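Q: Just passing along the structure, written as structure tokens.
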Amino acid sequence: MNLPETFAARLSAADHPLIGLWACSGSPVMAEIVAGSGVDWVLIDGEHSPNGLESILAQLYAVSAYPVAPVVRVPIGDTVIIKQVLDLGAQNLLVPMVDSADQAAELVRAIRYPAEGVRGVGASLARSSRWNRVPAYLRDASATISLTVQVESAAAVAAVDDIVAVDGVDAIFVGPADLAASMGRLGEPSHPEVVEAVLASLRAARRAGKPAGVNAFVPEEAERYLEAGAAFVAVGADVSIVARASEALADRFSGGSAGETGSAGSAAGGAPRASY
């Protein structure tokens, strides 16, 4: 039995930027709908969403029938949490709030077995090895896992050259919302200073020969970063899509009686107001 190719392998082989959507609702049904939409990758979010191990596993099952790369974002770069998520069979990890090369190097150790790392050995009991049905899983496990780290603070941008140089970090993913907050621009991910920090991170990744992605839920921002060379972009989330579409329907058929939020969503053309 062979495991699917990693997100890193797909990025390397792609002849176009990979477009993704977030699955934030915690629902495997919603995750499956997103996976069948035609996007290239799906982010199953464990940081800002009501997801635990059981719901992440259910969503991994739900999206496995579709030709997308499932990426799981853990809530924190904790060795124990990473071990558990890897044993669920997640092959592509996204770790938030990585501010230094030392932190990135510790994450590489968390995804690798000894002697190169500290991952606990329990794959024979877990979906990661398909319960020992994947030949030589322990020997080859590191080749079945990709690690993307999030650059989403002023400190991370200052250290981005060192972060992307870490062996075992396959890609970086820039989060403009938290980056803006760390720069004193809370709620302003489109501010020129924030945009320049994002672009600087993309340039650093390009110098290192590694792919960089951006979270950009506003279409014009996604297009800007794609033109700047982003290798992958997240362009929306299940919950935001449903929220904006339901507001638009309410505005159309009930005259905005759902309240000011619905009207504002409709006025924005159905697009979320910020990048997360």
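Residue numbers start at 1 in each chain; chains themselves are named A, B, ... in the order of the structure tokens; ligands are numbered from 1 in the order shown.
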From a backbone DSSP assignment, name each residue in range 71-255 of chain A labelled helix (DSSP H, G or I), as a PyMOL selection string.

A: chain A and resi 79-87+101-111+123-125+127-129+137-144+154-158+160-164+176-182+192-208+219-227+238-254

Q: Using C-alpha atoms, can you write the selected residues to a file as an mmCIF file, in the first residue's frame?

A:
```cif
data_model
loop_
_atom_site.group_PDB
_atom_site.id
_atom_site.type_symbol
_atom_site.label_atom_id
_atom_site.label_comp_id
_atom_site.auth_asym_id
_atom_site.auth_seq_id
_atom_site.Cartn_x
_atom_site.Cartn_y
_atom_site.Cartn_z
ATOM 1 C CA THR A 79 5.393 17.809 19.886
ATOM 2 C CA VAL A 80 2.608 15.734 21.445
ATOM 3 C CA ILE A 81 -0.150 17.298 19.337
ATOM 4 C CA ILE A 82 1.952 16.884 16.198
ATOM 5 C CA LYS A 83 2.544 13.211 17.043
ATOM 6 C CA GLN A 84 -1.177 12.607 17.487
ATOM 7 C CA VAL A 85 -2.148 14.364 14.264
ATOM 8 C CA LEU A 86 0.508 12.510 12.291
ATOM 9 C CA ASP A 87 -0.709 9.189 13.686
ATOM 10 C CA ALA A 101 14.701 29.279 12.668
ATOM 11 C CA ASP A 102 15.230 27.512 16.006
ATOM 12 C CA GLN A 103 11.484 27.063 16.388
ATOM 13 C CA ALA A 104 11.236 25.756 12.826
ATOM 14 C CA ALA A 105 14.061 23.287 13.451
ATOM 15 C CA GLU A 106 12.261 21.929 16.527
ATOM 16 C CA LEU A 107 9.163 21.357 14.409
ATOM 17 C CA VAL A 108 11.220 19.361 11.924
ATOM 18 C CA ARG A 109 12.393 17.201 14.814
ATOM 19 C CA ALA A 110 8.773 16.749 15.918
ATOM 20 C CA ILE A 111 7.763 15.189 12.591
ATOM 21 C CA ALA A 123 2.564 3.894 13.795
ATOM 22 C CA SER A 124 1.739 0.191 13.883
ATOM 23 C CA LEU A 125 -1.364 1.121 15.893
ATOM 24 C CA ARG A 127 -3.730 5.154 10.395
ATOM 25 C CA SER A 128 -0.426 6.855 9.484
ATOM 26 C CA SER A 129 1.055 3.497 8.437
ATOM 27 C CA TYR A 137 6.809 3.070 6.992
ATOM 28 C CA LEU A 138 9.159 3.732 9.903
ATOM 29 C CA ARG A 139 12.151 3.949 7.582
ATOM 30 C CA ASP A 140 10.453 6.160 5.004
ATOM 31 C CA ALA A 141 8.020 8.160 7.148
ATOM 32 C CA SER A 142 9.772 11.502 6.741
ATOM 33 C CA ALA A 143 9.317 11.257 2.968
ATOM 34 C CA THR A 144 5.555 10.891 3.446
ATOM 35 C CA ALA A 154 6.947 41.056 12.377
ATOM 36 C CA ALA A 155 9.547 38.889 14.138
ATOM 37 C CA ALA A 156 8.969 36.068 11.668
ATOM 38 C CA VAL A 157 9.349 38.391 8.697
ATOM 39 C CA ALA A 158 12.616 39.684 10.167
ATOM 40 C CA VAL A 160 12.251 34.721 7.291
ATOM 41 C CA ASP A 161 15.536 34.098 5.459
ATOM 42 C CA ASP A 162 16.709 31.898 8.327
ATOM 43 C CA ILE A 163 13.334 30.156 8.627
ATOM 44 C CA VAL A 164 13.145 29.151 4.962
ATOM 45 C CA PRO A 176 -1.573 38.734 6.752
ATOM 46 C CA ALA A 177 -4.129 39.161 9.561
ATOM 47 C CA ASP A 178 -1.842 38.202 12.446
ATOM 48 C CA LEU A 179 1.059 39.859 10.668
ATOM 49 C CA ALA A 180 -0.900 43.107 10.519
ATOM 50 C CA ALA A 181 -1.759 42.851 14.218
ATOM 51 C CA SER A 182 1.891 42.344 15.156
ATOM 52 C CA PRO A 192 0.780 48.886 2.340
ATOM 53 C CA GLU A 193 3.262 48.103 5.124
ATOM 54 C CA VAL A 194 1.669 44.702 5.665
ATOM 55 C CA VAL A 195 1.539 43.979 1.943
ATOM 56 C CA GLU A 196 5.236 44.805 1.635
ATOM 57 C CA ALA A 197 6.047 42.427 4.523
ATOM 58 C CA VAL A 198 4.119 39.678 2.727
ATOM 59 C CA LEU A 199 5.955 40.380 -0.524
ATOM 60 C CA ALA A 200 9.295 40.383 1.305
ATOM 61 C CA SER A 201 8.494 36.916 2.645
ATOM 62 C CA LEU A 202 7.626 35.684 -0.860
ATOM 63 C CA ARG A 203 10.936 37.030 -2.139
ATOM 64 C CA ALA A 204 12.857 35.314 0.666
ATOM 65 C CA ALA A 205 11.259 31.968 -0.154
ATOM 66 C CA ARG A 206 12.056 32.416 -3.821
ATOM 67 C CA ARG A 207 15.721 33.103 -2.971
ATOM 68 C CA ALA A 208 15.798 29.887 -0.944
ATOM 69 C CA PRO A 219 -9.989 38.112 -4.559
ATOM 70 C CA GLU A 220 -7.991 41.208 -5.485
ATOM 71 C CA GLU A 221 -5.441 40.422 -2.784
ATOM 72 C CA ALA A 222 -5.177 36.807 -3.906
ATOM 73 C CA GLU A 223 -4.539 37.970 -7.464
ATOM 74 C CA ARG A 224 -1.885 40.415 -6.266
ATOM 75 C CA TYR A 225 0.033 37.700 -4.438
ATOM 76 C CA LEU A 226 -0.322 35.207 -7.261
ATOM 77 C CA GLU A 227 1.154 37.803 -9.621
ATOM 78 C CA ASP A 238 -16.378 27.177 4.177
ATOM 79 C CA VAL A 239 -17.911 29.214 6.994
ATOM 80 C CA SER A 240 -17.225 32.555 5.307
ATOM 81 C CA ILE A 241 -18.653 31.362 2.001
ATOM 82 C CA VAL A 242 -21.847 30.199 3.704
ATOM 83 C CA ALA A 243 -22.073 33.376 5.800
ATOM 84 C CA ARG A 244 -21.700 35.730 2.856
ATOM 85 C CA ALA A 245 -23.958 33.713 0.537
ATOM 86 C CA SER A 246 -26.703 33.436 3.165
ATOM 87 C CA GLU A 247 -26.479 37.179 3.831
ATOM 88 C CA ALA A 248 -26.789 37.904 0.124
ATOM 89 C CA LEU A 249 -29.912 35.729 -0.126
ATOM 90 C CA ALA A 250 -31.411 37.345 2.950
ATOM 91 C CA ASP A 251 -30.751 40.797 1.522
ATOM 92 C CA ARG A 252 -32.265 39.882 -1.804
ATOM 93 C CA PHE A 253 -35.440 38.252 -0.561
ATOM 94 C CA SER A 254 -36.096 39.878 2.808
#
```

Q: His48 in chain A: which residues within 10 Å, counting only C-alpha atoms, same-chain residues fewer than 6 positions away excluded, as a PyMOL selection string?

A: chain A and resi 24-25+73-75

Q: Residues as selected, N, CA, C and O atoms, written as a PDB file, in the first residue's frame, can you do that?

A:
```pdb
ATOM      1  N   CYS A  24     -13.351  24.987   8.079  1.00  0.00           N
ATOM      2  CA  CYS A  24     -13.323  25.509   9.452  1.00  0.00           C
ATOM      3  C   CYS A  24     -14.510  25.090  10.303  1.00  0.00           C
ATOM      4  O   CYS A  24     -14.510  25.310  11.504  1.00  0.00           O
ATOM      5  N   SER A  25     -15.537  24.538   9.682  1.00  0.00           N
ATOM      6  CA  SER A  25     -16.782  24.292  10.407  1.00  0.00           C
ATOM      7  C   SER A  25     -16.684  23.116  11.365  1.00  0.00           C
ATOM      8  O   SER A  25     -17.493  22.992  12.284  1.00  0.00           O
ATOM      9  N   ARG A  73      -3.866  22.085   9.912  1.00  0.00           N
ATOM     10  CA  ARG A  73      -3.196  23.070  10.758  1.00  0.00           C
ATOM     11  C   ARG A  73      -3.406  22.680  12.214  1.00  0.00           C
ATOM     12  O   ARG A  73      -4.536  22.603  12.700  1.00  0.00           O
ATOM     13  N   VAL A  74      -2.312  22.454  12.907  1.00  0.00           N
ATOM     14  CA  VAL A  74      -2.380  22.157  14.334  1.00  0.00           C
ATOM     15  C   VAL A  74      -2.554  23.474  15.092  1.00  0.00           C
ATOM     16  O   VAL A  74      -2.209  24.552  14.584  1.00  0.00           O
ATOM     17  N   PRO A  75      -3.085  23.419  16.322  1.00  0.00           N
ATOM     18  CA  PRO A  75      -3.313  24.664  17.052  1.00  0.00           C
ATOM     19  C   PRO A  75      -2.035  25.334  17.531  1.00  0.00           C
ATOM     20  O   PRO A  75      -2.001  26.556  17.712  1.00  0.00           O
TER      21      PRO A  75
END
```

Q: My list of candidates is A:Ser12, A:Ala165, A:Asp78, A:Glu32. Which is closest to Arg119 in chain A when distances are computed with only C-alpha atoms?

A: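 The shortest atom-to-atom distance to Arg119 in chain A comes from A:Asp78.
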
Q: Name the residues of range 21-194 of chain A that come out as strand (DSSP E or B) in a backbone DSSP run; write them as a ChimeraX atom specification.

A: /A:21-23,41-45,69-73,92-95,146-151,171-174
